[in-house]
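> A single structure is presented below for examination.
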Amino acid sequence: MTREVAHYWSHSGLPGVDLLRARYVTHRYARHAHEGYVIALIEYGVEEFDYAGSLERAPAGSTVLVNPDTVHTGQAGAPEGWAYRCLYPSIEVMSGIAADLGAPRGTPYFPNAVVEDPEVARLVRAVHRACEQGDALAASTL
């Protein structure tokens with residue numbers, strides 16, 4: 001039997017951002033939405049989810065991007081389940097980052113729910129690990 005685990009927390013180095021690290025095989029998220037964003041790095045297996053009316057599949061190494069207030073589900077997309085690291089930044093945090101990068105005013109929007117970009121995956125992993133290790137400076141800088 002495979003053990004399912006989840007650890008949800010926040011870190012002082014990333015105000016306005018909650019974190020989750022989980023491994024699931026049989027767990028299923030019912031339809032739900034978040035007030036802020038979800039940025040999730042799939043580290044193992046495949047996550048499958050209904051997102052805005054279409055079925056998405058996110059394999060290991062990909063990043064899942066969920067916009068605020070968008071209804072979605074989540075479940076294993078392969079028999080071995082999936083493991084992932086999630087960042088849950090608020091709208092205010094993401095708007096601030098977008099403004100710092102010179103984006104137009106307004107609420108940032110991710111056009112794609114699944115992105116396969118090794119640099120994005122590396123950054124999400126690095127931020128998450130810095131928080132796990134208690135490195136506030138690295139977490140906020142990344």
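For the structure tokens, the naming scheme is as follows: chains receive sequential letters (A, B, ...) according to their order of presentation, residues are indexed from 1 within each chain, and ligands are indexed from 1 in presentation order.
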Write out as a CSV table (one decimal) with all heavy atoms, in the first residue's frame each polymer residue whose atoms come within 7 Å of Tyr88 of chain A, counting only C-alpha atoms; drop sequence neighbours fewer than 4 positions from it.

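Saved to out.csv:
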chain,number,residue,atom,x,y,z
A,17,VAL,N,2.0,34.0,0.4
A,17,VAL,CA,2.2,32.7,-0.4
A,17,VAL,C,2.1,31.6,0.5
A,17,VAL,O,2.9,31.5,1.5
A,17,VAL,CB,3.5,32.7,-1.2
A,17,VAL,CG1,3.7,31.4,-2.0
A,17,VAL,CG2,3.7,33.9,-2.1
A,18,ASP,N,1.2,30.6,0.3
A,18,ASP,CA,1.1,29.4,1.1
A,18,ASP,C,1.8,28.3,0.2
A,18,ASP,O,2.0,28.5,-1.0
A,18,ASP,CB,-0.3,29.0,1.3
A,18,ASP,CG,-1.0,29.9,2.4
A,18,ASP,OD1,-0.2,30.5,3.2
A,18,ASP,OD2,-2.2,29.9,2.4
A,19,LEU,N,2.2,27.2,0.9
A,19,LEU,CA,3.0,26.2,0.2
A,19,LEU,C,2.3,24.8,0.5
A,19,LEU,O,1.8,24.6,1.6
A,19,LEU,CB,4.4,26.2,0.6
A,19,LEU,CG,5.2,27.4,0.3
A,19,LEU,CD1,5.4,28.2,1.6
A,19,LEU,CD2,6.5,27.1,-0.3
A,36,GLY,N,-6.6,32.9,-4.9
A,36,GLY,CA,-5.4,33.3,-5.6
A,36,GLY,C,-5.0,32.3,-6.6
A,36,GLY,O,-5.8,31.6,-7.1
A,37,TYR,N,-3.7,32.3,-6.9
A,37,TYR,CA,-3.1,31.5,-8.0
A,37,TYR,C,-2.7,30.1,-7.4
A,37,TYR,O,-2.4,30.0,-6.2
A,37,TYR,CB,-1.9,32.2,-8.6
A,37,TYR,CG,-2.3,33.4,-9.4
A,37,TYR,CD1,-2.4,34.6,-8.7
A,37,TYR,CD2,-2.6,33.4,-10.7
A,37,TYR,CE1,-2.8,35.8,-9.4
A,37,TYR,CE2,-2.9,34.5,-11.4
A,37,TYR,CZ,-3.0,35.7,-10.7
A,37,TYR,OH,-3.3,36.8,-11.4
A,38,VAL,N,-2.5,29.2,-8.3
A,38,VAL,CA,-1.8,27.9,-8.0
A,38,VAL,C,-0.7,27.8,-9.0
A,38,VAL,O,-0.9,27.9,-10.2
A,38,VAL,CB,-2.7,26.7,-8.1
A,38,VAL,CG1,-2.0,25.4,-7.8
A,38,VAL,CG2,-3.9,26.8,-7.1
A,39,ILE,N,0.5,27.5,-8.5
A,39,ILE,CA,1.7,27.2,-9.3
A,39,ILE,C,2.3,25.9,-8.7
A,39,ILE,O,2.8,25.9,-7.6
A,39,ILE,CB,2.7,28.4,-9.2
A,39,ILE,CG1,2.1,29.7,-9.7
A,39,ILE,CG2,4.0,28.0,-10.1
A,39,ILE,CD1,3.0,30.9,-9.5
> With a cut-off of 9 Å, could you pull out the residues of segment 13-92 of chain A touching segment 105-117 of chain A and give me the nearest pair of atoms for each, distance in Å to one decimal, using only C-alpha atoms, ordered by chain and ascending number, as CSV?

residue,atom,partner,partner_atom,distance
A:Tyr51,CA,A:Ala113,CA,7.6
A:Glu56,CA,A:Val114,CA,7.4
A:Arg57,CA,A:Val114,CA,7.6
A:Ala58,CA,A:Val114,CA,6.1
A:Pro59,CA,A:Glu116,CA,8.8
A:Gly61,CA,A:Glu116,CA,6.9
A:Ser62,CA,A:Glu116,CA,4.6
A:Thr63,CA,A:Val115,CA,5.2
A:Val64,CA,A:Val114,CA,4.7
A:Leu65,CA,A:Ala113,CA,4.8
A:Val66,CA,A:Ala113,CA,6.0
A:Asn67,CA,A:Tyr109,CA,6.3
A:Pro68,CA,A:Tyr109,CA,8.6
A:Ile91,CA,A:Thr107,CA,7.0
A:Glu92,CA,A:Thr107,CA,8.6
> Counting only C-alpha atoms, what is within 12 Å of Gly53 of chain A, bar same-chain residues fewer than 2 positions away, as a PyMOL selection string?
chain A and resi 31+49-51+55-56+70-73+113
> Excluding Val124 of chain A and residues on its chain fewer than 2 positions from it, collect all residues at most 8 Å away from it, counting only C-alpha atoms, and give them as JSON, numbers by chain.
{"A": [39, 40, 41, 85, 87, 120, 121, 122, 126, 127, 128]}
> Any chance you could export the current selection's C-alpha atoms as a compact mmCIF listing (two decimals), in the first residue's frame?

# COMPACT_ATOMS: atom_id res chain seq x y z
CA ILE A 39 1.70 27.24 -9.29
CA ALA A 40 2.44 23.51 -8.99
CA LEU A 41 5.54 21.61 -10.07
CA ARG A 85 5.19 21.09 -4.89
CA LEU A 87 2.93 27.68 -4.36
CA VAL A 120 10.14 27.46 -14.74
CA ALA A 121 10.32 24.03 -13.05
CA ARG A 122 13.78 24.82 -11.68
CA ALA A 126 14.24 26.31 -5.83
CA VAL A 127 11.71 28.61 -4.11
CA HIS A 128 9.94 25.67 -2.51
> Looking at only C-alpha atoms, which of A:Gly96, A:Gly81, A:Pro118, A:Pro104 is the one that sits closest to Ala22 of chain A?
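Result for the nearest residue to Ala22 of chain A: A:Gly81.
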> So, counting only C-alpha atoms, which residue among A:Pro89, A:Gly45, A:Gly77, A:Gly13 is closest to Leu142 of chain A?
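Smallest separation from Leu142 of chain A among the options: A:Gly13.
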> Could you check which of A:Ser54, A:Ala103, A:Ala33, A:Gly16 is closest to Ser90 of chain A, using only C-alpha atoms?
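With only C-alpha atoms as the atom set, the closest residue is A:Gly16.
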> Separation of atom CA of Ser140 of chain A and atom CA of Ser12 of chain A, in Å?
9.1 Å
> Please, which residues of chain A, numbered as in this document, come out strand (DSSP E) from DSSP, as a ChimeraX atom specification?
/A:5-10,17-24,29-32,38-51,54-59,63-66,72-76,82-89,114-115
